[in-house]
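> Take a look at the following structure, please.
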Amino acid sequence: MVDMLRKIPERVREEVLKRWLMGDTYRRISNRFGIGLATINQIKEQAKRKEPELEDLRDLNILLKKTNLSVYDAARGAKLTDRLNRIGVSSDDLESYIRLAEEFFAEKGQEPEEIVESATKLMKLERKIEKGYLEIVKDFEKKGSKITMQEARLKHLKKENLQLKNTLKDNNRKLESLESEINRTLAAKRQLKKIGLTKLSAYAKFIGEFESLEFDVEEVQNIAALKKTLIRMGISPERLEEFVKEKGPLDLQIPQLKRTRDALQNEKDELEAETIRLSNKTRALSQIDNIISDGAILVSCKKCGWPFLRIQLPTKERYTYMFRNRIRFSVKCANCGHQNLFYPEEVAALIGQIILPTGDPISFSLKIIEQV
């Protein structure tokens with residue numbers, strides 16, 4: 001039997017013992033590991049010689065499994081019971097405490113952790129101010145009453161302050177209105193003094209004559225404004241009649257002026273278009289000169305559009321080799337860091353568009369590359 005036991009690996013023997021401690025029967029362990037019942041018993045007896053309390057441990061595991069508890073739960077329960085015994089709380093008292101706490105929590109709507117935290121803070125407060133709970137509550141009630149009285153007083157003062165502010169605003173508005181009226185009166189006095197009695201008498205006579213002709217002050221102001229407008233236009237009000245006779249009525253002048261304006265606008269548009277064409281030609285010639293003199297072309301970044309990426313142009317043989325083997329030009333954008341890749345035909349097309357926008361750009365670009 002001992003020889004048979006030695007042939008079983010240590011790992012298997014440990015697993016057999018573990019299964020037995022967890023409550024498995026000899027028969028179930030035998031079916032799982034293919035070991036005889038006598039061998040299983042020998043493994044158990046050998047372990048019991050080292051740990052005599054294995055039978056009690058197995059019984060405890062079986063009991064915990066039936067009650068759906070873990071060893072950790074059992075350890076916590078034992079520890080809690082020990083502490084309750086030390087402080088003199090029996091299991092019956094504990095049940096009453098738990099029931100009372102549950103009713104309190106349900107009434108207050110608070111979690112147990114909050115109650116414990118509050119109790120801890122209260123004990124710290126008692127130690128700090130050297131007063132008991134009831135004394136603290138009384139002091140708090142007295143101070144709370146004083147605070148309520150102060151709040152009521154503050155509310156009354158705020159109301160009085162608001163009334164004073166509104167009164168002050170009304171007085172300021174009245175004062176501003178009075179100051180404005182005084183300033184208008186003083187301005188009128190200065191104006192009358194500046195005009196003088198003679199002119200004032202003439203103005204009064206002038207206004208009277210206008211009123212007799214059924215004119216009002218607003219019409220007089222309009223006539224004065226019209227006179228200023230004619231002067232800004234270079235037309236003398238005294239020569240207005242002569243101007244109309246020379247140029248014709250205004251309703252006939254307007255269509256002619258519109259035709260003149262349209263003709264000038266068309267001429268302006270043509271000049272602007274010609275300016276754009278000349279600018280494009282100048283820019284194209286400048287780019288062609290750069291390509292021929294530097295042997296390079298500036299292209300735009302495919303990601304951010306930065307137009308200053310420099311590509312060195314190869315010889316015709318190198319270009320042909322790159323074209324046939326699909327080798328691309330690689331240039332990194334200094335603005336955004338993007339690595340741009342251009343096929344040879346793309347570069348040739350760009351050169352052709354610069355030099356010969358309406359022709360065959362690739363064939364023409366090959367000629368430029370050959371020169372380079």
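Chains: A, B, ... in order of the structure tokens. Residues: from 1 per chain. Ligands: from 1, in order shown.
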Residues near stretch 298-315 of chain A, anyone? I mean within 8 Å using only C-alpha atoms, not counting same-chain ones fewer than 3 positions away, as an MDAnalysis selection string.
chainID A and resid 295 318:319 329 331:336 338 340 369:370 372
> Please produce a file of the residues just selected, as a compact mmCIF listing (two decimals), in the first residue's frame, where the atoms kept are C-alpha atoms.

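As a result, selection.txt now contains:
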```txt
# COMPACT_ATOMS: atom_id res chain seq x y z
CA GLY A 295 15.63 72.71 -61.88
CA ARG A 318 15.50 59.18 -64.31
CA TYR A 319 11.96 60.42 -64.88
CA PHE A 329 8.55 61.92 -55.31
CA VAL A 331 8.48 65.73 -49.83
CA LYS A 332 7.58 66.66 -46.24
CA CYS A 333 5.46 69.76 -45.58
CA ALA A 334 7.28 72.26 -43.34
CA ASN A 335 3.94 73.73 -42.30
CA CYS A 336 1.96 70.69 -41.07
CA HIS A 338 2.57 65.77 -43.71
CA ASN A 340 3.45 64.16 -49.48
CA ILE A 369 12.91 68.05 -67.62
CA GLU A 370 15.24 67.03 -70.48
CA VAL A 372 17.22 70.50 -66.85
```
